[in-house]
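Heads up, work_39.pdb below (PDB, C-alpha atoms):
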ATOM      1  CA  MET A 301      97.651 134.945  93.633
ATOM      2  CA  SER A 302      97.332 138.071  91.557
ATOM      3  CA  GLY A 303      99.016 137.844  88.151
ATOM      4  CA  ASP A 304     100.229 134.337  88.823
ATOM      5  CA  VAL A 305      99.352 131.810  86.110
ATOM      6  CA  ARG A 306     100.786 128.587  87.565
ATOM      7  CA  GLY A 307      99.028 125.434  86.412
ATOM      8  CA  TRP A 308      98.914 123.626  89.808
ATOM      9  CA  HIS A 309      99.890 120.377  88.088
ATOM     10  CA  VAL A 310     103.276 118.673  88.253
ATOM     11  CA  ALA A 311     104.542 115.579  86.422
ATOM     12  CA  LEU A 312     107.463 113.383  87.379
ATOM     13  CA  VAL A 313     109.089 112.701  84.032
ATOM     14  CA  PRO A 314     111.864 110.235  83.175
ATOM     15  CA  GLU A 315     114.977 111.415  81.413
ATOM     16  CA  THR A 316     114.012 109.422  78.292
ATOM     17  CA  LEU A 317     110.840 111.416  77.775
ATOM     18  CA  ILE A 318     112.586 114.774  78.140
ATOM     19  CA  ASN A 319     115.619 113.914  76.021
ATOM     20  CA  PRO A 320     114.492 111.024  73.805
ATOM     21  CA  PRO A 321     117.401 109.047  72.348
ATOM     22  CA  ASP A 322     117.524 108.898  68.543
ATOM     23  CA  ALA A 323     116.348 105.286  68.554
ATOM     24  CA  LEU A 324     113.111 106.202  70.361
ATOM     25  CA  ARG A 325     112.464 109.719  69.139
ATOM     26  CA  ALA A 326     110.065 108.780  66.339
ATOM     27  CA  SER A 327     108.097 106.386  68.504
ATOM     28  CA  LEU A 328     107.443 108.731  71.412
ATOM     29  CA  PRO A 329     104.992 111.630  71.564
ATOM     30  CA  ASP A 330     106.366 115.110  72.278
ATOM     31  CA  VAL A 331     105.809 114.836  75.994
ATOM     32  CA  LEU A 332     107.058 118.318  76.892
ATOM     33  CA  ARG A 333     104.629 119.862  74.431
ATOM     34  CA  LEU A 334     101.734 117.842  75.838
ATOM     35  CA  LEU A 335     102.657 118.769  79.398
ATOM     36  CA  GLU A 336     102.760 122.415  78.457
ATOM     37  CA  ASP A 337      99.403 122.186  76.671
ATOM     38  CA  HIS A 338      97.873 120.698  79.814
ATOM     39  CA  ARG A 339      99.584 123.117  82.247
ATOM     40  CA  TYR A 340     101.852 120.569  83.923
ATOM     41  CA  GLY A 341     105.266 121.597  85.218
ATOM     42  CA  VAL A 342     108.087 119.061  85.050
ATOM     43  CA  LEU A 343     110.122 117.372  87.746
ATOM     44  CA  GLN A 344     112.839 115.575  85.801
ATOM     45  CA  LEU A 345     113.968 112.175  87.029
ATOM     46  CA  PRO A 346     117.592 111.136  86.536
ATOM     47  CA  PRO A 347     118.712 108.546  83.981
ATOM     48  CA  PRO A 348     119.093 104.920  85.091
ATOM     49  CA  GLY A 349     121.708 104.426  87.788
ATOM     50  CA  ALA A 350     122.208 105.088  91.469
ATOM     51  CA  HIS A 351     121.064 108.613  92.247
ATOM     52  CA  GLY A 352     119.996 108.253  95.894
ATOM     53  CA  PRO A 353     120.740 111.811  97.090
ATOM     54  CA  LEU A 354     119.129 113.359  94.013
ATOM     55  CA  LEU A 355     116.010 111.211  94.389
ATOM     56  CA  ALA A 356     115.788 112.297  98.033
ATOM     57  CA  VAL A 357     115.868 115.926  96.904
ATOM     58  CA  ILE A 358     113.178 115.214  94.310
ATOM     59  CA  ALA A 359     111.018 113.474  96.932
ATOM     60  CA  ASP A 360     111.295 116.556  99.174
ATOM     61  CA  GLN A 361     109.954 118.677  96.332
ATOM     62  CA  VAL A 362     107.121 116.264  95.500
ATOM     63  CA  ALA A 363     106.077 116.279  99.154
ATOM     64  CA  GLU A 364     105.945 120.059  99.212
ATOM     65  CA  TYR A 365     103.653 120.099  96.170
ATOM     66  CA  ALA A 366     101.487 117.226  97.331
ATOM     67  CA  HIS A 367     100.917 118.842 100.730
ATOM     68  CA  HIS A 368      99.869 122.189  99.269
ATOM     69  CA  GLY A 369      97.169 121.589  96.708
ATOM     70  CA  TYR A 370      99.128 120.576  93.615
ATOM     71  CA  ALA A 371      98.089 117.608  91.470
ATOM     72  CA  VAL A 372     101.133 115.371  90.970
ATOM     73  CA  VAL A 373     101.377 112.521  88.455
ATOM     74  CA  ALA A 374     104.183 110.254  87.264
ATOM     75  CA  LEU A 375     104.864 109.303  83.648
ATOM     76  CA  GLY A 376     106.774 106.132  82.857
ATOM     77  CA  VAL A 377     108.097 104.423  79.759
ATOM     78  CA  GLN A 378     107.312 100.793  79.136
ATOM     79  CA  ALA A 379     110.438  98.729  78.454
ATOM     80  CA  GLU A 380     112.688 101.108  80.395
ATOM     81  CA  PRO A 381     114.213  99.686  83.592
ATOM     82  CA  GLY A 382     111.693 100.523  86.317
ATOM     83  CA  HIS A 383     109.791 102.462  83.624
ATOM     84  CA  GLY A 384     112.354 105.220  84.149
ATOM     85  CA  LEU A 385     110.676 106.173  87.416
ATOM     86  CA  HIS A 386     113.169 104.906  90.048
ATOM     87  CA  TRP A 387     110.073 103.746  91.889
ATOM     88  CA  ARG A 388     111.894 101.329  94.210
ATOM     89  CA  ARG A 389     113.825 104.220  95.717
ATOM     90  CA  LEU A 390     111.312 106.994  95.243
ATOM     91  CA  ALA A 391     108.213 105.253  96.644
ATOM     92  CA  PRO A 392     109.638 104.705 100.167
ATOM     93  CA  LEU A 393     110.911 108.287 100.226
ATOM     94  CA  LEU A 394     107.455 109.585  99.348
ATOM     95  CA  ARG A 395     105.787 107.348 101.924
ATOM     96  CA  HIS A 396     108.256 108.643 104.502
ATOM     97  CA  HIS A 397     106.971 112.146 103.752
ATOM     98  CA  GLY A 398     103.367 110.987 104.094
ATOM     99  CA  VAL A 399     102.688 111.374 100.384
ATOM    100  CA  ALA A 400     100.361 108.993  98.550
ATOM    101  CA  LEU A 401     102.024 107.614  95.444
ATOM    102  CA  PRO A 402     101.041 109.718  92.427
ATOM    103  CA  PRO A 403      98.932 108.131  89.695
ATOM    104  CA  ARG A 404     101.151 106.645  86.997
ATOM    105  CA  HIS A 405     100.758 106.608  83.246
ATOM    106  CA  LEU A 406     102.966 104.408  81.099
ATOM    107  CA  ILE A 407     103.921 105.364  77.568
ATOM    108  CA  ARG A 408     104.361 102.459  75.159
ATOM    109  CA  PRO A 409     107.047 103.132  72.561
ATOM    110  CA  ALA A 410     105.898 100.100  70.605
ATOM    111  CA  ALA A 411     102.565 101.756  69.859
ATOM    112  CA  SER A 412     102.176 104.704  67.481
ATOM    113  CA  ALA A 413     103.445 108.037  68.776
ATOM    114  CA  ALA A 414     100.210 109.753  67.775
ATOM    115  CA  ALA A 415      98.055 107.244  69.606
ATOM    116  CA  GLU A 416     100.277 107.422  72.673
ATOM    117  CA  GLY A 417     100.093 111.192  72.543
ATOM    118  CA  GLU A 418      96.298 111.051  72.543
ATOM    119  CA  ARG A 419      96.277 108.584  75.413
ATOM    120  CA  LEU A 420      98.664 110.776  77.413
ATOM    121  CA  ALA A 421      96.624 113.910  76.690
ATOM    122  CA  LYS A 422      93.515 112.174  77.970
ATOM    123  CA  PHE A 423      95.302 111.107  81.138
ATOM    124  CA  LEU A 424      96.693 114.592  81.797
ATOM    125  CA  ALA A 425      93.378 116.308  81.148
ATOM    126  CA  GLY A 426      91.498 113.873  83.330
ATOM    127  CA  TYR A 427      93.478 114.233  86.526
ATOM    128  CA  ASP A 428      93.105 116.807  89.268
ATOM    129  CA  LEU A 429      92.560 117.019  93.000
ATOM    130  CA  PRO A 430      89.030 116.917  94.423
ATOM    131  CA  ALA A 431      87.230 120.273  94.181
ATOM    132  CA  ASP A 432      87.347 120.958  97.926
ATOM    133  CA  GLU A 433      91.140 120.504  97.946
ATOM    134  CA  GLN A 434      91.462 122.866  94.992
ATOM    135  CA  ARG A 435      89.353 125.512  96.732
ATOM    136  CA  ARG A 436      91.388 125.166  99.906
ATOM    137  CA  TRP A 437      94.708 125.969  98.281
ATOM    138  CA  ARG A 438      94.285 127.623  94.933
ATOM    139  CA  VAL A 439      93.325 131.145  95.881
TER     140      VAL A 439
ATOM    141  CA  MET L 634     127.600 105.614  67.806
ATOM    142  CA  GLU L 635     125.048 107.909  69.366
ATOM    143  CA  GLN L 636     126.190 107.081  72.871
ATOM    144  CA  ASP L 637     129.790 108.073  72.173
ATOM    145  CA  LYS L 638     129.105 111.359  70.444
ATOM    146  CA  PRO L 639     129.612 114.467  72.612
ATOM    147  CA  ARG L 640     126.281 116.075  73.313
ATOM    148  CA  LYS L 641     125.148 119.569  74.150
ATOM    149  CA  VAL L 642     123.526 119.676  77.570
ATOM    150  CA  ALA L 643     121.814 122.636  79.208
ATOM    151  CA  LEU L 644     121.527 122.662  82.976
ATOM    152  CA  VAL L 645     118.366 124.654  83.561
ATOM    153  CA  ALA L 646     116.936 126.286  86.664
ATOM    154  CA  SER L 647     114.107 124.195  88.072
ATOM    155  CA  CYS L 648     111.417 126.804  87.454
ATOM    156  CA  LEU L 649     112.258 127.019  83.747
ATOM    157  CA  LEU L 650     110.674 123.572  83.428
ATOM    158  CA  ASN L 651     108.212 124.022  86.269
ATOM    159  CA  GLN L 652     106.698 127.385  87.039
ATOM    160  CA  ASN L 653     104.953 125.886  90.065
ATOM    161  CA  ALA L 654     108.304 126.269  91.816
ATOM    162  CA  LYS L 655     108.046 130.056  91.675
ATOM    163  CA  VAL L 656     107.286 132.168  94.700
ATOM    164  CA  CYS L 657     103.634 133.295  94.993
ATOM    165  CA  GLN L 658     102.786 135.817  92.220
ATOM    166  CA  GLY L 659     105.946 134.871  90.354
ATOM    167  CA  ALA L 660     104.666 132.310  87.841
ATOM    168  CA  ARG L 661     104.499 133.994  84.429
ATOM    169  CA  TYR L 662     103.813 130.750  82.549
ATOM    170  CA  PRO L 663     101.414 127.931  83.449
ATOM    171  CA  ALA L 664     103.898 125.091  83.060
ATOM    172  CA  LEU L 665     107.284 125.369  81.322
ATOM    173  CA  VAL L 666     108.973 128.554  80.183
ATOM    174  CA  SER L 667     108.371 127.630  76.578
ATOM    175  CA  PRO L 668     110.660 130.208  74.902
ATOM    176  CA  VAL L 669     113.630 128.786  76.808
ATOM    177  CA  VAL L 670     112.717 125.176  76.078
ATOM    178  CA  GLU L 671     112.128 125.948  72.401
ATOM    179  CA  ALA L 672     115.407 127.858  72.003
ATOM    180  CA  LEU L 673     117.398 125.042  73.603
ATOM    181  CA  ARG L 674     115.690 122.182  71.777
ATOM    182  CA  ALA L 675     115.963 123.975  68.428
ATOM    183  CA  ARG L 676     119.728 124.091  68.920
ATOM    184  CA  GLY L 677     120.006 120.439  69.879
ATOM    185  CA  TYR L 678     120.502 120.824  73.633
ATOM    186  CA  LEU L 679     119.486 118.090  76.021
ATOM    187  CA  LEU L 680     117.785 119.442  79.134
ATOM    188  CA  GLN L 681     118.930 118.702  82.662
ATOM    189  CA  GLN L 682     116.789 120.290  85.335
ATOM    190  CA  LEU L 683     118.468 121.508  88.504
ATOM    191  CA  PRO L 684     116.674 121.152  91.843
ATOM    192  CA  CYS L 685     114.868 124.197  93.259
ATOM    193  CA  PRO L 686     116.611 125.196  96.490
ATOM    194  CA  GLU L 687     113.976 127.623  97.769
ATOM    195  CA  LEU L 688     111.067 125.215  97.366
ATOM    196  CA  ALA L 689     112.503 122.500  99.585
ATOM    197  CA  PHE L 690     113.879 124.993 102.116
ATOM    198  CA  ALA L 691     111.195 127.626 102.581
ATOM    199  CA  GLY L 692     108.273 125.860 100.913
ATOM    200  CA  VAL L 693     106.002 126.527  97.983
ATOM    201  CA  ARG L 694     104.126 129.208  99.982
ATOM    202  CA  ARG L 695     107.269 131.118 100.932
ATOM    203  CA  TRP L 696     107.529 134.892 101.106
ATOM    204  CA  TRP L 697     109.458 136.836  98.540
ATOM    205  CA  ALA L 698     113.052 137.368  99.620
ATOM    206  CA  VAL L 699     116.294 138.983  98.509
ATOM    207  CA  TYR L 700     119.883 137.706  98.461
ATOM    208  CA  GLU L 701     120.703 139.021 101.928
ATOM    209  CA  GLN L 702     117.813 137.117 103.547
ATOM    210  CA  TYR L 703     118.910 133.796 102.065
ATOM    211  CA  ASP L 704     122.569 134.409 102.796
ATOM    212  CA  THR L 705     122.588 132.292 105.958
ATOM    213  CA  PRO L 706     124.699 129.290 106.979
ATOM    214  CA  ALA L 707     121.602 127.062 107.060
ATOM    215  CA  TYR L 708     120.481 127.995 103.546
ATOM    216  CA  ARG L 709     123.988 127.646 102.166
ATOM    217  CA  ALA L 710     124.265 124.192 103.779
ATOM    218  CA  HIS L 711     120.957 123.237 102.152
ATOM    219  CA  CYS L 712     122.228 124.461  98.774
ATOM    220  CA  ARG L 713     125.419 122.429  99.243
ATOM    221  CA  ARG L 714     123.316 119.312  99.891
ATOM    222  CA  LEU L 715     121.487 119.924  96.620
ATOM    223  CA  ALA L 716     124.728 120.642  94.785
ATOM    224  CA  GLN L 717     126.242 117.406  96.068
ATOM    225  CA  ALA L 718     123.124 115.551  94.876
ATOM    226  CA  ILE L 719     123.241 116.852  91.290
ATOM    227  CA  ALA L 720     127.034 117.196  90.877
ATOM    228  CA  PRO L 721     127.678 113.489  90.115
ATOM    229  CA  LEU L 722     125.325 113.729  87.144
ATOM    230  CA  ILE L 723     127.017 116.905  85.925
ATOM    231  CA  GLU L 724     130.388 115.235  86.370
ATOM    232  CA  GLN L 725     129.223 112.270  84.268
ATOM    233  CA  TYR L 726     128.293 114.598  81.421
ATOM    234  CA  LEU L 727     131.623 116.410  81.580
ATOM    235  CA  ARG L 728     133.690 113.219  81.828
ATOM    236  CA  ARG L 729     132.093 111.841  78.670
ATOM    237  CA  GLY L 730     133.017 115.033  76.808
ATOM    238  CA  ASP L 731     129.603 116.673  76.594
ATOM    239  CA  GLU L 732     129.400 120.440  76.217
ATOM    240  CA  LEU L 733     127.537 121.913  79.170
ATOM    241  CA  ILE L 734     125.947 125.282  79.699
ATOM    242  CA  LEU L 735     123.982 126.673  82.624
ATOM    243  CA  ILE L 736     120.774 128.677  82.289
ATOM    244  CA  GLY L 737     119.738 130.292  85.547
ATOM    245  CA  LEU L 738     117.172 132.913  86.436
ATOM    246  CA  ASP L 739     118.424 136.455  86.496
ATOM    247  CA  GLY L 740     117.183 138.552  89.404
ATOM    248  CA  SER L 741     116.591 135.523  91.608
ATOM    249  CA  PRO L 742     118.206 135.572  95.068
ATOM    250  CA  SER L 743     119.095 131.909  94.587
ATOM    251  CA  THR L 744     119.375 131.133  90.889
ATOM    252  CA  GLY L 745     120.592 134.448  89.500
ATOM    253  CA  VAL L 746     123.560 134.107  87.162
ATOM    254  CA  ARG L 747     124.356 137.625  85.963
ATOM    255  CA  PHE L 748     122.091 139.438  88.420
ATOM    256  CA  THR L 749     120.480 138.875  91.775
ATOM    257  CA  SER L 750     118.040 140.864  93.893
ATOM    258  CA  SER L 751     119.344 142.813  96.840
ATOM    259  CA  LYS L 752     117.984 144.954  99.659
ATOM    260  CA  ALA L 753     119.929 145.052 102.874
ATOM    261  CA  ASP L 754     117.025 146.234 105.036
ATOM    262  CA  TRP L 755     114.395 143.654 103.969
ATOM    263  CA  GLY L 756     113.156 141.653 106.942
ATOM    264  CA  GLY L 757     110.462 141.421 109.560
ATOM    265  CA  ARG L 758     106.798 141.799 108.701
ATOM    266  CA  PRO L 759     106.401 141.549 104.918
ATOM    267  CA  ASN L 760     104.916 144.919 104.014
ATOM    268  CA  ARG L 761     107.284 146.184 101.351
ATOM    269  CA  PRO L 762     105.969 148.307  98.509
ATOM    270  CA  GLU L 763     106.301 146.740  95.083
ATOM    271  CA  ASP L 764     109.661 146.550  93.378
ATOM    272  CA  ASP L 765     111.732 148.354  95.997
ATOM    273  CA  TRP L 766     114.583 145.856  95.805
ATOM    274  CA  GLU L 767     117.680 146.456  93.745
ATOM    275  CA  ILE L 768     119.193 144.358  90.996
ATOM    276  CA  VAL L 769     122.916 143.872  91.428
ATOM    277  CA  PRO L 770     125.425 142.054  89.214
ATOM    278  CA  ARG L 771     126.094 138.955  91.265
ATOM    279  CA  ARG L 772     125.341 135.219  91.365
ATOM    280  CA  GLY L 773     122.453 134.000  93.528
ATOM    281  CA  ILE L 774     123.239 131.847  96.568
ATOM    282  CA  TRP L 775     122.356 128.522  94.901
ATOM    283  CA  ILE L 776     124.486 129.222  91.849
ATOM    284  CA  GLU L 777     127.391 130.267  94.080
ATOM    285  CA  GLU L 778     127.171 127.015  96.018
ATOM    286  CA  LEU L 779     126.704 124.875  92.892
ATOM    287  CA  GLU L 780     129.754 126.424  91.240
ATOM    288  CA  ALA L 781     131.749 125.962  94.450
ATOM    289  CA  GLU L 782     130.826 122.261  94.538
ATOM    290  CA  LEU L 783     131.842 121.776  90.901
ATOM    291  CA  ALA L 784     135.142 123.557  91.601
ATOM    292  CA  ARG L 785     135.730 121.273  94.624
ATOM    293  CA  ARG L 786     135.446 118.355  92.224
ATOM    294  CA  GLY L 787     137.995 119.921  89.893
ATOM    295  CA  LEU L 788     135.396 120.583  87.209
ATOM    296  CA  PRO L 789     135.567 123.623  84.946
ATOM    297  CA  ARG L 790     133.341 126.646  85.386
ATOM    298  CA  LEU L 791     130.418 126.349  82.980
ATOM    299  CA  PRO L 792     129.401 128.994  80.465
ATOM    300  CA  ALA L 793     126.275 130.485  81.979
ATOM    301  CA  THR L 794     123.529 132.998  81.490
ATOM    302  CA  GLY L 795     120.182 133.771  83.040
ATOM    303  CA  TRP L 796     116.630 134.081  81.755
ATOM    304  CA  ALA L 797     115.652 137.524  83.008
ATOM    305  CA  LEU L 798     112.371 136.564  84.683
ATOM    306  CA  ASP L 799     112.949 138.130  88.093
ATOM    307  CA  MET L 800     114.333 141.514  87.150
ATOM    308  CA  GLY L 801     111.305 143.563  88.155
ATOM    309  CA  ARG L 802     109.630 144.305  84.835
ATOM    310  CA  PHE L 803     109.803 141.188  82.676
ATOM    311  CA  ASP L 804     110.529 141.738  78.972
ATOM    312  CA  GLU L 805     110.032 138.379  77.268
ATOM    313  CA  ALA L 806     111.192 139.519  73.818
ATOM    314  CA  GLY L 807     114.375 140.989  75.296
ATOM    315  CA  ALA L 808     115.021 137.901  77.388
ATOM    316  CA  ARG L 809     114.572 135.702  74.332
ATOM    317  CA  ARG L 810     116.977 137.795  72.235
ATOM    318  CA  ASP L 811     119.507 137.694  75.034
ATOM    319  CA  LEU L 812     119.290 133.919  75.416
ATOM    320  CA  GLU L 813     119.478 133.275  71.683
ATOM    321  CA  GLN L 814     122.555 135.491  71.394
ATOM    322  CA  PHE L 815     124.223 133.515  74.163
ATOM    323  CA  LEU L 816     123.347 130.179  72.566
ATOM    324  CA  ASP L 817     124.374 131.258  69.098
ATOM    325  CA  SER L 818     127.687 132.616  70.379
ATOM    326  CA  ARG L 819     128.330 129.139  71.844
ATOM    327  CA  ASN L 820     127.503 127.594  68.497
ATOM    328  CA  ASP L 821     129.796 130.034  66.655
ATOM    329  CA  ALA L 822     132.623 129.264  69.075
ATOM    330  CA  ALA L 823     132.119 125.531  68.504
ATOM    331  CA  GLY L 824     132.214 126.117  64.740
ATOM    332  CA  GLN L 825     135.504 127.982  65.036
ATOM    333  CA  ARG L 826     136.927 125.065  67.001
ATOM    334  CA  GLY L 827     135.987 122.810  64.086
ATOM    335  CA  GLU L 828     133.037 121.115  65.774
ATOM    336  CA  ASP L 829     129.990 120.552  63.655
ATOM    337  CA  GLY L 830     127.438 122.043  66.063
ATOM    338  CA  VAL L 831     124.874 119.588  64.731
ATOM    339  CA  PRO L 832     122.207 118.509  67.200
ATOM    340  CA  PRO L 833     122.754 115.024  68.618
TER     341      PRO L 833
END
Step by step, read the file and then write its structure as structure tokens.
Amino acid sequence: MSGDVRGWHVALVPETLINPPDALRASLPDVLRLLEDHRYGVLQLPPPGAHGPLLAVIADQVAEYAHHGYAVVALGVQAEPGHGLHWRRLAPLLRHHGVALPPRHLIRPAASAAAEGERLAKFLAGYDLPADEQRRWRV
Amino acid sequence: MEQDKPRKVALVASCLLNQNAKVCQGARYPALVSPVVEALRARGYLLQQLPCPELAFAGVRRWWAVYEQYDTPAYRAHCRRLAQAIAPLIEQYLRRGDELILIGLDGSPSTGVRFTSSKADWGGRPNRPEDDWEIVPRRGIWIEELEAELARRGLPRLPATGWALDMGRFDEAGARRDLEQFLDSRNDAAGQRGEDGVPP
């Protein structure tokens, strides 16, 4: 794709990590910055609550990426209900689309933000599709 | 109480947080559109990503298209489904008194706010020369349908602008100036109304 610099990586990201509440801000790494550094685009998950139609729309988008050579991961937050991932609703929707559940990484607000940032960076840097899948799609 | 304080919330086009949503050859950034994210965060805006209508309709390997090609009953129905999915969240923000703005993607056939791309004779085998579409002052299809859904719910029209990524030749410095002017004019207006404009 001439002139196209997409990163071919997508992260499902809970609301809390995109818009950290004051009470958590100091204890969370700057997740958007880390995602940018590691060339991951964001699919934002809604805040806690019933968001069935929106989660269905998000699952449609995840399926499109997963079926076309993009590496998709999910980031959660320990101590958030369902880790902020809406997994109970999202997982069946993804299975319905024939999508394997993305690898998950949980951020622990109780630990130091710097250490959690390093752990997240390592996770993001270490994940990609197998080389033959990359060659198939990323031309 | 943090939870009671009105917040500033920016509804942002999907591809501003995820350039993988762009049509082939359209991704100018590897991940997020960082100048937009930085400008919004520096002014205390929370980010709320909108769904990408083209991705789920025509796929991530879709052809380039102009407004007229997406202006079909099926695509509009798809956009309405997306609008109905995100509107309850937008309504929640508005009902709690948050200040909302919308940042779309100028030049996009779907997400354009001030401008969209137009060419009445595009169609058939994709063999167009580069940049032969026109930019016209009009909303994209998705923004039209989103605004219609919000109006159906009795919600006010949101102040809106577009990041000029799809206008043919992309001028990042100009786009940044334009966005910052829009954001700062919102801040000035809030100041004149006696609001503090302090980030939440």
For chain A against chain L, which residues fall within 9 Å using only C-alpha atoms, given as an NGL selection string?
:A and (301-310 or 315 or 318-322 or 332-333 or 335-347 or 351-358 or 360-361 or 363-365 or 368 or 370)
Just the number, please: distance in Å from CA of Thr744 in chain L to CA of Glu780 in chain L, one decimal.
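Computing the Euclidean distance for CA of Thr744 in chain L and CA of Glu780 in chain L yields 11.4 Å.
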Return the single residue from A:Val362, A:Val373, A:Gln378, A:Ala350 that is closest to Ala411 in chain A, with distances computed using all atoms listed in the file.
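Selected residue with least distance to Ala411 in chain A: A:Gln378.
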If you apply the PyMOL selection byres ((chain L and resi 763) around 12) to this file, what residues do you get, as an MDAnalysis selection string?
chainID L and resid 658 697 759:762 764:767 801:802
For Arg395 in chain A, which residue among A:Val331, A:Ala323, A:Ala366, A:Leu429 is the nearest when counting only C-alpha atoms?
A:Ala366
Grab the CA of Leu328 in chain A to CA of Ser412 in chain A distance for me, in Å with one decimal place.
7.7 Å
Spell out the residues picked by the PyMOL selection byres ((chain A and resi 383-389) around 10) here, as a PyMOL selection string.
chain A and resi 312-317+344-352+355-356+359+374-382+390-394+401+404-407
Taking into account all atoms listed in the file, which residue in the set A:His367, A:Arg438, A:Leu324, A:Ala415 is nearest to His397 in chain A?
A:His367
Distance in Å - CA of Glu701 in chain L versus CA of Ser750 in chain L:
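Between CA of Glu701 in chain L and CA of Ser750 in chain L the gap works out to 8.7 Å.
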Among listed residues A:Ala311, A:Ala413, A:Ala326, A:Ala431, nearest Ala371 in chain A (using all atoms listed in the file)
A:Ala311
Each side padded by 8 Å, which centre and which edge lengths in Å (one decimal) define the axis-aligned box around the listed atoms of range 801-817 of chain L? Give them as AutoDock Vina command-line options.
--center_x 117.0 --center_y 137.2 --center_z 78.6 --size_x 30.7 --size_y 30.1 --size_z 35.1
Glu813 in chain L environment, 10 Å, only C-alpha atoms, sequence neighbours closer than 2 positions dropped, as a ChimeraX atom specification:
/L:668-669,672-673,676,807-811,815-819
Just to be explicit: take each residue in the selection above, keep C-alpha atoms, and write the result as a PDB file, keeping the file's coordinate frame.
ATOM      1  CA  PRO L 668     110.660 130.208  74.902  1.00  0.00           C
ATOM      2  CA  VAL L 669     113.630 128.786  76.808  1.00  0.00           C
ATOM      3  CA  ALA L 672     115.407 127.858  72.003  1.00  0.00           C
ATOM      4  CA  LEU L 673     117.398 125.042  73.603  1.00  0.00           C
ATOM      5  CA  ARG L 676     119.728 124.091  68.920  1.00  0.00           C
ATOM      6  CA  GLY L 807     114.375 140.989  75.296  1.00  0.00           C
ATOM      7  CA  ALA L 808     115.021 137.901  77.388  1.00  0.00           C
ATOM      8  CA  ARG L 809     114.572 135.702  74.332  1.00  0.00           C
ATOM      9  CA  ARG L 810     116.977 137.795  72.235  1.00  0.00           C
ATOM     10  CA  ASP L 811     119.507 137.694  75.034  1.00  0.00           C
ATOM     11  CA  PHE L 815     124.223 133.515  74.163  1.00  0.00           C
ATOM     12  CA  LEU L 816     123.347 130.179  72.566  1.00  0.00           C
ATOM     13  CA  ASP L 817     124.374 131.258  69.098  1.00  0.00           C
ATOM     14  CA  SER L 818     127.687 132.616  70.379  1.00  0.00           C
ATOM     15  CA  ARG L 819     128.330 129.139  71.844  1.00  0.00           C
TER      16      ARG L 819
END
Go through L:Gly787, L:Gly757, L:Gly730, L:Gly737 and flag the residue nearest Pro639 in chain L, using only C-alpha atoms for the distances.
L:Gly730
Enumerate, as number ranges by chain, the protein, DNA and RNA residues whose atoms approach (123.3, 135.1, 94.1) to within 6 Å, taking into account all atoms listed in the file and the coordinate frame of the file.
L: 742-743, 745, 749, 771-774
Selection near Asp731 in chain L, 10 Å with all atoms listed in the file, sequence-local residues under 3 positions removed, as a PyMOL selection string
chain L and resi 637-642+723-728+734
